[in-house]
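*Asks:* So I've got this file, run_8.cif, and it contains mmCIF, C-alpha atoms; chains and numbers go by the auth columns:
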```cif
data_coords
#
loop_
_atom_site.group_PDB
_atom_site.id
_atom_site.type_symbol
_atom_site.label_atom_id
_atom_site.label_comp_id
_atom_site.label_asym_id
_atom_site.label_seq_id
_atom_site.Cartn_x
_atom_site.Cartn_y
_atom_site.Cartn_z
_atom_site.B_iso_or_equiv
_atom_site.auth_seq_id
_atom_site.auth_asym_id
ATOM 1 C CA MET A 1 86.942 100.207 114.369 0.00 9 A
ATOM 2 C CA TYR A 2 86.792 102.930 111.750 0.00 10 A
ATOM 3 C CA LEU A 3 86.552 103.820 108.084 0.00 11 A
ATOM 4 C CA LEU A 4 88.554 106.640 106.532 0.00 12 A
ATOM 5 C CA ALA A 5 88.037 108.119 103.076 0.00 13 A
ATOM 6 C CA SER A 6 90.041 110.427 100.834 0.00 14 A
ATOM 7 C CA ALA A 7 86.848 112.229 99.732 0.00 15 A
ATOM 8 C CA LYS A 8 83.153 111.504 99.218 0.00 16 A
ATOM 9 C CA ARG A 9 83.044 108.032 97.668 0.00 17 A
ATOM 10 C CA GLY A 10 86.840 108.180 97.433 0.00 18 A
ATOM 11 C CA THR A 11 89.529 105.737 98.464 0.00 19 A
ATOM 12 C CA LEU A 12 88.585 103.820 101.620 0.00 20 A
ATOM 13 C CA TYR A 13 90.647 102.487 104.501 0.00 21 A
ATOM 14 C CA ILE A 14 89.458 100.263 107.347 0.00 22 A
ATOM 15 C CA GLY A 15 91.289 100.200 110.645 0.00 23 A
ATOM 16 C CA VAL A 16 91.011 99.321 114.296 0.00 24 A
ATOM 17 C CA SER A 17 92.490 101.003 117.345 0.00 25 A
ATOM 18 C CA SER A 18 92.200 100.978 121.111 0.00 26 A
ATOM 19 C CA ASN A 19 92.591 104.788 121.029 0.00 27 A
ATOM 20 C CA LEU A 20 90.477 106.151 118.179 0.00 28 A
ATOM 21 C CA ILE A 21 91.245 109.835 118.747 0.00 29 A
ATOM 22 C CA GLN A 22 95.002 109.293 118.790 0.00 30 A
ATOM 23 C CA ARG A 23 94.956 106.932 115.797 0.00 31 A
ATOM 24 C CA ILE A 24 92.891 109.233 113.589 0.00 32 A
ATOM 25 C CA TRP A 25 95.160 112.132 114.545 0.00 33 A
ATOM 26 C CA GLN A 26 98.162 110.041 113.430 0.00 34 A
ATOM 27 C CA HIS A 27 96.499 109.392 110.062 0.00 35 A
ATOM 28 C CA ARG A 28 95.636 113.082 109.655 0.00 36 A
ATOM 29 C CA GLU A 29 99.208 114.149 110.447 0.00 37 A
ATOM 30 C CA HIS A 30 100.717 111.455 108.171 0.00 38 A
ATOM 31 C CA LEU A 31 102.859 110.162 111.031 0.00 39 A
ATOM 32 C CA ASN A 32 102.989 106.635 109.621 0.00 40 A
ATOM 33 C CA GLU A 33 104.157 105.790 106.144 0.00 41 A
ATOM 34 C CA GLY A 34 101.811 103.617 104.153 0.00 42 A
ATOM 35 C CA PHE A 35 98.474 103.479 102.411 0.00 43 A
ATOM 36 C CA THR A 36 96.700 106.352 104.157 0.00 44 A
ATOM 37 C CA GLU A 37 99.646 108.684 103.695 0.00 45 A
ATOM 38 C CA ARG A 38 100.183 107.702 100.061 0.00 46 A
ATOM 39 C CA TYR A 39 96.519 108.217 99.108 0.00 47 A
ATOM 40 C CA ASP A 40 95.755 111.027 101.608 0.00 48 A
ATOM 41 C CA VAL A 41 93.021 108.996 103.268 0.00 49 A
ATOM 42 C CA THR A 42 92.368 111.089 106.369 0.00 50 A
ATOM 43 C CA ARG A 43 88.621 111.791 106.544 0.00 51 A
ATOM 44 C CA LEU A 44 86.894 109.811 109.313 0.00 52 A
ATOM 45 C CA VAL A 45 83.542 108.887 107.777 0.00 53 A
ATOM 46 C CA TRP A 46 82.327 106.051 110.002 0.00 54 A
ATOM 47 C CA TYR A 47 83.248 104.339 113.251 0.00 55 A
ATOM 48 C CA GLU A 48 81.848 101.978 115.818 0.00 56 A
ATOM 49 C CA LEU A 49 82.954 101.168 119.336 0.00 57 A
ATOM 50 C CA HIS A 50 83.417 97.631 120.647 0.00 58 A
ATOM 51 C CA GLU A 51 83.520 96.174 124.124 0.00 59 A
ATOM 52 C CA THR A 52 86.687 94.206 123.353 0.00 60 A
ATOM 53 C CA MET A 53 89.605 94.493 120.968 0.00 61 A
ATOM 54 C CA GLU A 54 88.884 90.937 119.841 0.00 62 A
ATOM 55 C CA SER A 55 85.403 91.864 118.623 0.00 63 A
ATOM 56 C CA ALA A 56 86.733 95.003 116.909 0.00 64 A
ATOM 57 C CA ILE A 57 89.406 93.004 115.086 0.00 65 A
ATOM 58 C CA ALA A 58 86.881 90.353 114.056 0.00 66 A
ATOM 59 C CA ARG A 59 84.571 93.051 112.664 0.00 67 A
ATOM 60 C CA GLU A 60 87.482 94.734 110.857 0.00 68 A
ATOM 61 C CA LYS A 61 88.441 91.445 109.201 0.00 69 A
ATOM 62 C CA ARG A 62 84.840 90.883 108.064 0.00 70 A
ATOM 63 C CA LEU A 63 84.511 94.386 106.635 0.00 71 A
ATOM 64 C CA LYS A 64 87.812 94.134 104.784 0.00 72 A
ATOM 65 C CA LYS A 65 86.267 91.260 102.803 0.00 73 A
ATOM 66 C CA TRP A 66 83.183 93.300 101.900 0.00 74 A
ATOM 67 C CA LYS A 67 82.592 94.698 98.425 0.00 75 A
ATOM 68 C CA ARG A 68 83.184 98.433 98.076 0.00 76 A
ATOM 69 C CA GLU A 69 79.463 99.140 97.572 0.00 77 A
ATOM 70 C CA TRP A 70 78.623 97.385 100.840 0.00 78 A
ATOM 71 C CA LYS A 71 81.074 99.670 102.655 0.00 79 A
ATOM 72 C CA ILE A 72 79.478 102.706 101.025 0.00 80 A
ATOM 73 C CA ASP A 73 76.075 101.389 102.097 0.00 81 A
ATOM 74 C CA LEU A 74 77.400 101.197 105.658 0.00 82 A
ATOM 75 C CA ILE A 75 78.617 104.820 105.642 0.00 83 A
ATOM 76 C CA GLU A 76 75.812 106.658 103.871 0.00 84 A
ATOM 77 C CA PRO A 77 72.792 105.997 106.149 0.00 85 A
ATOM 78 C CA THR A 78 74.480 107.827 109.052 0.00 86 A
ATOM 79 C CA ASN A 79 76.825 110.092 107.085 0.00 87 A
ATOM 80 C CA PRO A 80 75.264 110.775 103.636 0.00 88 A
ATOM 81 C CA ASP A 81 77.535 113.767 102.951 0.00 89 A
ATOM 82 C CA TRP A 82 80.667 111.891 104.023 0.00 90 A
ATOM 83 C CA ARG A 83 81.342 114.610 106.582 0.00 91 A
ATOM 84 C CA ASP A 84 84.652 114.301 108.445 0.00 92 A
ATOM 85 C CA LEU A 85 83.674 113.077 111.922 0.00 93 A
ATOM 86 C CA TRP A 86 87.075 113.989 113.389 0.00 94 A
ATOM 87 C CA GLN A 87 85.802 117.133 115.087 0.00 95 A
ATOM 88 C CA ASP A 88 82.987 115.162 116.721 0.00 96 A
ATOM 89 C CA ILE A 89 85.311 112.663 118.374 0.00 97 A
ATOM 90 C CA ALA A 90 88.120 115.147 119.095 0.00 98 A
ATOM 91 C CA ARG A 91 85.707 117.316 121.138 0.00 99 A
ATOM 92 C CA THR A 92 84.521 114.392 123.220 0.00 100 A
ATOM 93 C CA GLY A 93 88.013 113.070 123.920 0.00 101 A
#
```
Could you show the structure in this file as structure tokens?
*Replies:*
Amino acid sequence: MYLLASAKRGTLYIGVSSNLIQRIWQHREHLNEGFTERYDVTRLVWYELHETMESAIAREKRLKKWKREWKIDLIEPTNPDWRDLWQDIARTG
């Protein structure tokens, strides 16, 4: 489960994937038409791992209902500068 942003405090996108590295790469390369391509939402600013896809999807659905400020409050304690975490996960993959 992950959050992408277009810039610091920019447009946000919430997603879920069983292969985070591959999915973020697809967003970054604009391989799929849609929201993230249209608004250039490619910066990985937050993610969390789940034991099961079911729990990840449930969490994604909850977060999609959250107010924008709550999502920002989720990101900023661990990533106050909204640094792109892509390099961190790409190195470990």
*Asks:* Enumerate, as a PyMOL selection string, the protein, DNA and RNA residues whose atoms approach (94.4, 99.9, 117.9) to within 12 Å, taking into account only C-alpha atoms and the coordinate frame of the file.
*Replies:* chain A and resi 9-10+22-32+34+57-58+60-62+64-65+68
*Asks:* For Arg76 in chain A, please output as a PyMOL selection string all residues within 12 Å (counting only C-alpha atoms; exclusion window: fewer than 4 positions along the same chain).
*Replies:* chain A and resi 11+13+17-22+71-72+80-83
*Asks:* Provide the CA of Trp94 in chain A to CA of Ser14 in chain A distance in Å, to one decimal place.
*Replies:* 13.4 Å
*Asks:* On this file, the PyMOL selection byres ((chain A and resi 91-93) around 10) gives some set of residues; write that set as a PyMOL selection string.
*Replies:* chain A and resi 12-13+15-16+50-55+86-90+94-98
*Asks:* How big is the axis-aligned box around all listed atoms of range 64-79 of chain A once 5 Å goes on each side, and where's its centre, in Å to one decimal, as AutoDock Vina command-line options?
*Replies:*
```
--center_x 84.0 --center_y 95.0 --center_z 107.2 --size_x 20.8 --size_y 19.3 --size_z 29.3
```
*Asks:* Write a file for chain A, containing C-alpha atoms (output as a PDB file, in the first residue's frame).
*Replies:*
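The file below, out_36.pdb, is the result:
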```pdb
ATOM      1  CA  MET A   9       0.000   0.000   0.000  1.00  0.00           C
ATOM      2  CA  TYR A  10       1.488   3.327  -1.007  1.00  0.00           C
ATOM      3  CA  LEU A  11       0.993   7.053  -1.409  1.00  0.00           C
ATOM      4  CA  LEU A  12       2.354   8.987  -4.370  1.00  0.00           C
ATOM      5  CA  ALA A  13       2.535  12.763  -4.691  1.00  0.00           C
ATOM      6  CA  SER A  14       3.188  15.171  -7.545  1.00  0.00           C
ATOM      7  CA  ALA A  15       5.278  17.417  -5.253  1.00  0.00           C
ATOM      8  CA  LYS A  16       5.486  18.409  -1.592  1.00  0.00           C
ATOM      9  CA  ARG A  17       1.870  18.752  -0.463  1.00  0.00           C
ATOM     10  CA  GLY A  18       0.845  18.246  -4.093  1.00  0.00           C
ATOM     11  CA  THR A  19      -1.695  15.964  -5.703  1.00  0.00           C
ATOM     12  CA  LEU A  20      -1.964  12.621  -3.892  1.00  0.00           C
ATOM     13  CA  TYR A  21      -2.663   9.109  -5.121  1.00  0.00           C
ATOM     14  CA  ILE A  22      -3.249   6.004  -3.007  1.00  0.00           C
ATOM     15  CA  GLY A  23      -2.604   2.561  -4.407  1.00  0.00           C
ATOM     16  CA  VAL A  24      -1.957  -1.042  -3.525  1.00  0.00           C
ATOM     17  CA  SER A  25       0.240  -3.624  -5.205  1.00  0.00           C
ATOM     18  CA  SER A  26       1.688  -7.057  -4.587  1.00  0.00           C
ATOM     19  CA  ASN A  27       4.923  -5.839  -6.240  1.00  0.00           C
ATOM     20  CA  LEU A  28       5.675  -2.336  -4.969  1.00  0.00           C
ATOM     21  CA  ILE A  29       8.931  -1.836  -6.875  1.00  0.00           C
ATOM     22  CA  GLN A  30       7.409  -2.812 -10.212  1.00  0.00           C
ATOM     23  CA  ARG A  31       4.226  -0.791  -9.644  1.00  0.00           C
ATOM     24  CA  ILE A  32       6.032   2.409  -8.677  1.00  0.00           C
ATOM     25  CA  TRP A  33       8.313   1.993 -11.693  1.00  0.00           C
ATOM     26  CA  GLN A  34       5.204   1.745 -13.906  1.00  0.00           C
ATOM     27  CA  HIS A  35       3.855   4.991 -12.429  1.00  0.00           C
ATOM     28  CA  ARG A  36       7.217   6.726 -12.894  1.00  0.00           C
ATOM     29  CA  GLU A  37       7.447   5.611 -16.532  1.00  0.00           C
ATOM     30  CA  HIS A  38       3.797   6.546 -17.246  1.00  0.00           C
ATOM     31  CA  LEU A  39       3.103   3.051 -18.566  1.00  0.00           C
ATOM     32  CA  ASN A  40      -0.578   3.198 -17.630  1.00  0.00           C
ATOM     33  CA  GLU A  41      -2.938   5.907 -18.753  1.00  0.00           C
ATOM     34  CA  GLY A  42      -4.936   7.528 -16.001  1.00  0.00           C
ATOM     35  CA  PHE A  43      -4.761   9.773 -12.981  1.00  0.00           C
ATOM     36  CA  THR A  44      -1.072   9.438 -12.126  1.00  0.00           C
ATOM     37  CA  GLU A  45      -0.007  10.016 -15.712  1.00  0.00           C
ATOM     38  CA  ARG A  46      -2.368  12.955 -16.211  1.00  0.00           C
ATOM     39  CA  TYR A  47      -1.231  14.745 -13.033  1.00  0.00           C
ATOM     40  CA  ASP A  48       2.395  13.488 -13.035  1.00  0.00           C
ATOM     41  CA  VAL A  49       1.978  11.855  -9.642  1.00  0.00           C
ATOM     42  CA  THR A  50       5.161   9.790  -9.455  1.00  0.00           C
ATOM     43  CA  ARG A  51       6.902  10.613  -6.161  1.00  0.00           C
ATOM     44  CA  LEU A  52       6.656   7.767  -3.629  1.00  0.00           C
ATOM     45  CA  VAL A  53       6.216   9.572  -0.313  1.00  0.00           C
ATOM     46  CA  TRP A  54       4.866   6.851   1.976  1.00  0.00           C
ATOM     47  CA  TYR A  55       4.289   3.109   1.977  1.00  0.00           C
ATOM     48  CA  GLU A  56       3.539   0.261   4.312  1.00  0.00           C
ATOM     49  CA  LEU A  57       3.808  -3.478   3.861  1.00  0.00           C
ATOM     50  CA  HIS A  58       1.027  -5.920   4.730  1.00  0.00           C
ATOM     51  CA  GLU A  59       0.990  -9.624   5.433  1.00  0.00           C
ATOM     52  CA  THR A  60      -1.930 -10.185   3.055  1.00  0.00           C
ATOM     53  CA  MET A  61      -3.378  -8.478   0.009  1.00  0.00           C
ATOM     54  CA  GLU A  62      -6.739  -8.430   1.778  1.00  0.00           C
ATOM     55  CA  SER A  63      -5.387  -6.299   4.622  1.00  0.00           C
ATOM     56  CA  ALA A  64      -3.613  -3.977   2.169  1.00  0.00           C
ATOM     57  CA  ILE A  65      -6.809  -3.473   0.169  1.00  0.00           C
ATOM     58  CA  ALA A  66      -8.826  -2.858   3.335  1.00  0.00           C
ATOM     59  CA  ARG A  67      -6.299  -0.236   4.472  1.00  0.00           C
ATOM     60  CA  GLU A  68      -6.295   1.384   1.015  1.00  0.00           C
ATOM     61  CA  LYS A  69     -10.089   1.668   1.071  1.00  0.00           C
ATOM     62  CA  ARG A  70      -9.992   3.270   4.536  1.00  0.00           C
ATOM     63  CA  LEU A  71      -7.324   5.782   3.541  1.00  0.00           C
ATOM     64  CA  LYS A  72      -9.159   6.744   0.365  1.00  0.00           C
ATOM     65  CA  LYS A  73     -12.000   7.969   2.601  1.00  0.00           C
ATOM     66  CA  TRP A  74      -9.657  10.084   4.727  1.00  0.00           C
ATOM     67  CA  LYS A  75      -9.534  13.867   4.503  1.00  0.00           C
ATOM     68  CA  ARG A  76      -6.521  15.268   2.663  1.00  0.00           C
ATOM     69  CA  GLU A  77      -5.032  16.715   5.870  1.00  0.00           C
ATOM     70  CA  TRP A  78      -5.145  13.300   7.539  1.00  0.00           C
ATOM     71  CA  LYS A  79      -3.142  11.856   4.636  1.00  0.00           C
ATOM     72  CA  ILE A  80      -0.605  14.661   4.968  1.00  0.00           C
ATOM     73  CA  ASP A  81      -0.417  13.938   8.697  1.00  0.00           C
ATOM     74  CA  LEU A  82       0.353  10.312   7.837  1.00  0.00           C
ATOM     75  CA  ILE A  83       3.214  11.243   5.479  1.00  0.00           C
ATOM     76  CA  GLU A  84       4.979  14.040   7.335  1.00  0.00           C
ATOM     77  CA  PRO A  85       6.084  12.333  10.592  1.00  0.00           C
ATOM     78  CA  THR A  86       8.300   9.891   8.654  1.00  0.00           C
ATOM     79  CA  ASN A  87       8.921  11.962   5.520  1.00  0.00           C
ATOM     80  CA  PRO A  88       8.693  15.688   6.447  1.00  0.00           C
ATOM     81  CA  ASP A  89      10.450  16.821   3.251  1.00  0.00           C
ATOM     82  CA  TRP A  90       8.302  14.592   1.040  1.00  0.00           C
ATOM     83  CA  ARG A  91      11.464  12.959  -0.277  1.00  0.00           C
ATOM     84  CA  ASP A  92      10.945  10.465  -3.111  1.00  0.00           C
ATOM     85  CA  LEU A  93      11.419   7.054  -1.473  1.00  0.00           C
ATOM     86  CA  TRP A  94      11.809   5.299  -4.837  1.00  0.00           C
ATOM     87  CA  GLN A  95      15.579   4.995  -4.546  1.00  0.00           C
ATOM     88  CA  ASP A  96      15.229   3.422  -1.099  1.00  0.00           C
ATOM     89  CA  ILE A  97      12.970   0.620  -2.291  1.00  0.00           C
ATOM     90  CA  ALA A  98      14.645   0.180  -5.695  1.00  0.00           C
ATOM     91  CA  ARG A  99      18.000  -0.526  -3.977  1.00  0.00           C
ATOM     92  CA  THR A 100      16.512  -3.149  -1.698  1.00  0.00           C
ATOM     93  CA  GLY A 101      14.615  -4.929  -4.466  1.00  0.00           C
TER      94      GLY A 101
END
```
